[in-house]
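Listing of run_15.pdb; format and content: PDB, C-alpha atoms, pLDDT in the B column.
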MODEL        1
ATOM      1  CA  MET B  17     -45.384 -27.632  -3.233  1.00 50.00           C
ATOM      2  CA  LYS B  18     -44.355 -24.878  -0.804  1.00 45.00           C
ATOM      3  CA  TRP B  19     -40.997 -24.568  -2.559  1.00 45.00           C
ATOM      4  CA  LEU B  20     -42.683 -24.163  -5.922  1.00 41.00           C
ATOM      5  CA  THR B  21     -44.921 -21.392  -4.577  1.00 43.00           C
ATOM      6  CA  PHE B  22     -41.911 -19.676  -3.009  1.00 40.00           C
ATOM      7  CA  ALA B  23     -39.929 -19.951  -6.256  1.00 43.00           C
ATOM      8  CA  VAL B  24     -42.776 -18.433  -8.287  1.00 43.00           C
ATOM      9  CA  LEU B  25     -43.177 -15.546  -5.832  1.00 43.00           C
ATOM     10  CA  LEU B  26     -39.446 -14.929  -5.852  1.00 45.00           C
ATOM     11  CA  ALA B  27     -39.391 -14.888  -9.656  1.00 48.00           C
ATOM     12  CA  LEU B  28     -42.286 -12.428  -9.802  1.00 46.00           C
ATOM     13  CA  THR B  29     -40.611 -10.154  -7.267  1.00 47.00           C
ATOM     14  CA  ALA B  30     -37.394 -10.170  -9.300  1.00 50.00           C
ATOM     15  CA  CYS B  31     -39.326  -9.122 -12.416  1.00 54.00           C
ATOM     16  CA  ALA B  32     -40.926  -6.210 -10.595  1.00 62.00           C
ATOM     17  CA  ARG B  33     -37.707  -4.297  -9.929  1.00 82.00           C
ATOM     18  CA  VAL B  34     -38.231  -0.683  -9.020  1.00 90.00           C
ATOM     19  CA  GLU B  35     -36.479   1.709 -11.370  1.00 94.00           C
ATOM     20  CA  ASP B  36     -35.493   5.331 -10.898  1.00 95.00           C
ATOM     21  CA  VAL B  37     -36.295   7.749 -13.723  1.00 97.00           C
ATOM     22  CA  PHE B  38     -33.879  10.382 -15.048  1.00 97.00           C
ATOM     23  CA  VAL B  39     -35.077  13.223 -17.292  1.00 98.00           C
ATOM     24  CA  VAL B  40     -33.173  16.161 -18.790  1.00 98.00           C
ATOM     25  CA  ARG B  41     -35.348  18.785 -20.476  1.00 98.00           C
ATOM     26  CA  ASP B  42     -33.589  20.341 -23.462  1.00 98.00           C
ATOM     27  CA  ASP B  43     -36.105  22.882 -24.773  1.00 96.00           C
ATOM     28  CA  GLN B  44     -33.440  24.784 -26.729  1.00 96.00           C
ATOM     29  CA  LYS B  45     -31.847  21.643 -28.293  1.00 96.00           C
ATOM     30  CA  LEU B  46     -28.476  22.529 -26.758  1.00 97.00           C
ATOM     31  CA  VAL B  47     -27.458  18.981 -25.807  1.00 98.00           C
ATOM     32  CA  GLU B  48     -26.105  16.371 -28.182  1.00 97.00           C
ATOM     33  CA  GLU B  49     -25.780  13.517 -25.676  1.00 98.00           C
ATOM     34  CA  ALA B  50     -26.747  12.804 -22.068  1.00 98.00           C
ATOM     35  CA  THR B  51     -25.197   9.949 -20.069  1.00 98.00           C
ATOM     36  CA  LEU B  52     -26.131   8.746 -16.591  1.00 97.00           C
ATOM     37  CA  ASP B  53     -23.108   7.770 -14.467  1.00 95.00           C
ATOM     38  CA  LEU B  54     -24.348   5.935 -11.379  1.00 93.00           C
ATOM     39  CA  CYS B  55     -23.196   2.938  -9.330  1.00 86.00           C
ATOM     40  CA  GLY B  56     -20.123   2.531 -11.528  1.00 87.00           C
ATOM     41  CA  VAL B  57     -22.272   2.069 -14.634  1.00 91.00           C
ATOM     42  CA  GLU B  58     -22.898   4.514 -17.465  1.00 94.00           C
ATOM     43  CA  ILE B  59     -26.047   4.439 -19.571  1.00 95.00           C
ATOM     44  CA  THR B  60     -26.922   6.741 -22.440  1.00 98.00           C
ATOM     45  CA  LEU B  61     -30.225   8.539 -22.016  1.00 98.00           C
ATOM     46  CA  ALA B  62     -32.544   8.392 -25.029  1.00 98.00           C
ATOM     47  CA  ARG B  63     -33.650  11.588 -26.734  1.00 98.00           C
ATOM     48  CA  LEU B  64     -37.429  11.828 -26.910  1.00 97.00           C
ATOM     49  CA  GLY B  65     -38.338  15.138 -28.532  1.00 96.00           C
ATOM     50  CA  GLU B  66     -37.140  17.948 -26.271  1.00 97.00           C
ATOM     51  CA  GLN B  67     -35.866  15.721 -23.479  1.00 98.00           C
ATOM     52  CA  PHE B  68     -33.495  12.903 -22.667  1.00 98.00           C
ATOM     53  CA  VAL B  69     -34.940  10.029 -20.637  1.00 98.00           C
ATOM     54  CA  GLY B  70     -33.518   6.962 -18.919  1.00 97.00           C
ATOM     55  CA  ARG B  71     -34.518   4.381 -16.328  1.00 95.00           C
ATOM     56  CA  LYS B  72     -32.258   2.381 -14.019  1.00 93.00           C
ATOM     57  CA  ALA B  73     -32.860  -0.101 -11.242  1.00 93.00           C
ATOM     58  CA  ILE B  74     -30.666   1.171  -8.415  1.00 92.00           C
ATOM     59  CA  ASP B  75     -28.371  -1.392  -6.808  1.00 90.00           C
ATOM     60  CA  CYS B  76     -26.204   0.889  -4.688  1.00 90.00           C
ATOM     61  CA  GLU B  77     -26.325   3.585  -2.010  1.00 91.00           C
ATOM     62  CA  GLY B  78     -24.770   6.834  -3.150  1.00 89.00           C
ATOM     63  CA  SER B  79     -24.935   9.527  -5.789  1.00 91.00           C
ATOM     64  CA  GLY B  80     -23.836  10.186  -9.344  1.00 94.00           C
ATOM     65  CA  GLN B  81     -24.341  12.563 -12.230  1.00 97.00           C
ATOM     66  CA  VAL B  82     -25.862  13.000 -15.634  1.00 97.00           C
ATOM     67  CA  LYS B  83     -23.124  14.089 -18.018  1.00 98.00           C
ATOM     68  CA  LEU B  84     -24.232  16.452 -20.775  1.00 98.00           C
ATOM     69  CA  ARG B  85     -22.293  16.954 -23.999  1.00 98.00           C
ATOM     70  CA  TYR B  86     -23.491  20.097 -25.753  1.00 97.00           C
ATOM     71  CA  THR B  87     -23.581  20.642 -29.522  1.00 96.00           C
ATOM     72  CA  THR B  88     -20.864  23.296 -28.982  1.00 96.00           C
ATOM     73  CA  GLY B  89     -18.546  20.667 -27.471  1.00 96.00           C
ATOM     74  CA  LYS B  90     -18.924  21.981 -23.919  1.00 96.00           C
ATOM     75  CA  LYS B  91     -19.645  19.525 -21.122  1.00 97.00           C
ATOM     76  CA  HIS B  92     -21.711  19.985 -17.982  1.00 96.00           C
ATOM     77  CA  GLU B  93     -22.874  17.682 -15.200  1.00 96.00           C
ATOM     78  CA  CYS B  94     -26.217  17.458 -13.428  1.00 96.00           C
ATOM     79  CA  ILE B  95     -25.683  16.187  -9.890  1.00 96.00           C
ATOM     80  CA  VAL B  96     -27.919  13.261  -8.979  1.00 94.00           C
ATOM     81  CA  GLY B  97     -28.762  13.325  -5.286  1.00 86.00           C
ATOM     82  CA  TYR B  98     -28.695  10.357  -2.965  1.00 90.00           C
ATOM     83  CA  VAL B  99     -30.075   7.112  -4.390  1.00 92.00           C
ATOM     84  CA  THR B 100     -31.062   3.946  -2.592  1.00 90.00           C
ATOM     85  CA  PRO B 101     -32.382   0.620  -3.913  1.00 93.00           C
ATOM     86  CA  GLY B 102     -36.160   0.298  -4.157  1.00 92.00           C
ATOM     87  CA  ALA B 103     -36.956   4.001  -3.661  1.00 92.00           C
ATOM     88  CA  GLY B 104     -38.353   4.580  -7.165  1.00 93.00           C
ATOM     89  CA  GLN B 105     -37.121   8.163  -7.353  1.00 95.00           C
ATOM     90  CA  HIS B 106     -37.598  10.629 -10.206  1.00 96.00           C
ATOM     91  CA  PHE B 107     -34.755  13.020 -11.065  1.00 96.00           C
ATOM     92  CA  SER B 108     -35.506  15.919 -13.397  1.00 97.00           C
ATOM     93  CA  PHE B 109     -33.103  18.512 -14.782  1.00 98.00           C
ATOM     94  CA  ARG B 110     -33.156  21.305 -17.352  1.00 98.00           C
ATOM     95  CA  ALA B 111     -30.276  22.052 -19.700  1.00 97.00           C
ATOM     96  CA  THR B 112     -29.422  25.728 -20.120  1.00 96.00           C
ATOM     97  CA  LYS B 113     -26.590  27.532 -21.889  1.00 93.00           C
ATOM     98  CA  LYS B 114     -24.824  27.892 -18.528  1.00 92.00           C
ATOM     99  CA  GLY B 115     -25.249  24.280 -17.436  1.00 92.00           C
ATOM    100  CA  CYS B 116     -27.725  22.126 -15.638  1.00 91.00           C
ATOM    101  CA  GLN B 117     -30.611  23.270 -13.442  1.00 91.00           C
TER
ENDMDL
END
This structure in structure tokens:
Amino acid sequence: MKWLTFAVLLALTACARVEDVFVVRDDQKLVEEATLDLCGVEITLARLGEQFVGRKAIDCEGSGQVKLRYTTGKKHECIVGYVTPGAGQHFSFRATKKGCQ
């Protein structure tokens, strides 16, 4: 019975993974695509109105970037600071004509 209780608790803990949130505000609709490159994995951020949004459970220690591809063809990167598993961080950027803020 103890093993069953432990297995259920372990399963519930695995389902409750903490995710980091990544947001790029694009008020001027300059960006065509935003991609998060972190922990050796790339995910495309979804456009929701005037922003791009993505969530990722962090499984590494380190940093990465959000790659922006502008409608003009230019590319810029937003530097993601240090990430660590379980921190539940929120990273927010703003796209401008000159790059990422």
List the neighbours of region 61-73 of chain B out to 7 Å using all atoms listed in the file; skip same-chain residues closer than 4 positions along the sequence, and give me the result as a PDB file with C-alpha atoms, keeping the file's coordinate frame.
ATOM      1  CA  ARG B  33     -37.707  -4.297  -9.929  1.00 82.00           C
ATOM      2  CA  VAL B  34     -38.231  -0.683  -9.020  1.00 90.00           C
ATOM      3  CA  GLU B  35     -36.479   1.709 -11.370  1.00 94.00           C
ATOM      4  CA  ASP B  36     -35.493   5.331 -10.898  1.00 95.00           C
ATOM      5  CA  VAL B  37     -36.295   7.749 -13.723  1.00 97.00           C
ATOM      6  CA  PHE B  38     -33.879  10.382 -15.048  1.00 97.00           C
ATOM      7  CA  VAL B  39     -35.077  13.223 -17.292  1.00 98.00           C
ATOM      8  CA  VAL B  40     -33.173  16.161 -18.790  1.00 98.00           C
ATOM      9  CA  ARG B  41     -35.348  18.785 -20.476  1.00 98.00           C
ATOM     10  CA  ASP B  42     -33.589  20.341 -23.462  1.00 98.00           C
ATOM     11  CA  ASP B  43     -36.105  22.882 -24.773  1.00 96.00           C
ATOM     12  CA  LYS B  45     -31.847  21.643 -28.293  1.00 96.00           C
ATOM     13  CA  ALA B  50     -26.747  12.804 -22.068  1.00 98.00           C
ATOM     14  CA  THR B  51     -25.197   9.949 -20.069  1.00 98.00           C
ATOM     15  CA  LEU B  52     -26.131   8.746 -16.591  1.00 97.00           C
TER      16      LEU B  52
END
From the set B:Glu77, B:Val96, B:Cys55, B:Val47, which residue has the shortest atom-to-atom contact distance to Ala111 (chain B), counting all atoms listed in the file?
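Of the candidates, the smallest distance to Ala111 (chain B) is held by B:Val47.
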So what do you get for CA of Val99 (chain B) versus CA of Thr112 (chain B), distance-wise?
24.4 Å
Which one of B:Gln81, B:Glu93, B:Asp75, B:Gln117 sits closest to Ile59 (chain B) if you count all atoms listed in the file?
B:Gln81
Min atom-atom distance to Asp53 (chain B) from the set B:Val82, B:Gln105, B:Lys113, B:Ile74, counting all atoms listed in the file, belongs to B:Val82
Going by the chain IDs and residue numbers used in this file, which residues fall under the PyMOL selection byres ((chain B and resi 78) around 9)? Write them as a PDB file with C-alpha atoms, in the coordinates of the input.
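Resulting contents of out_37.pdb:
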ATOM      1  CA  LEU B  54     -24.348   5.935 -11.379  1.00 93.00           C
ATOM      2  CA  CYS B  55     -23.196   2.938  -9.330  1.00 86.00           C
ATOM      3  CA  CYS B  76     -26.204   0.889  -4.688  1.00 90.00           C
ATOM      4  CA  GLU B  77     -26.325   3.585  -2.010  1.00 91.00           C
ATOM      5  CA  SER B  79     -24.935   9.527  -5.789  1.00 91.00           C
ATOM      6  CA  GLY B  80     -23.836  10.186  -9.344  1.00 94.00           C
ATOM      7  CA  GLY B  97     -28.762  13.325  -5.286  1.00 86.00           C
ATOM      8  CA  TYR B  98     -28.695  10.357  -2.965  1.00 90.00           C
ATOM      9  CA  VAL B  99     -30.075   7.112  -4.390  1.00 92.00           C
ATOM     10  CA  THR B 100     -31.062   3.946  -2.592  1.00 90.00           C
TER      11      THR B 100
END
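Each of B:Lys83, B:Cys94, B:Gly104, B:Gln44 was compared to Cys116 (chain B) using only C-alpha atoms, and B:Cys94 turns out to be the nearest.
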Name all residues at most 7 Å from Glu48 (chain B) (count all atoms listed in the file; drop same-chain ones fewer than 2 positions away) and give them as a VMD selection string.
chain B and resid 46 85 to 87
How many Å separate CA of Lys91 (chain B) from CA of Glu49 (chain B)?
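Value for the CA of Lys91 (chain B)-CA of Glu49 (chain B) distance: 9.7 Å.
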Find the distance between CA of His106 (chain B) and CA of Gly89 (chain B) and write it in Å to one decimal.
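Computing the Euclidean distance for CA of His106 (chain B) and CA of Gly89 (chain B) yields 27.6 Å.
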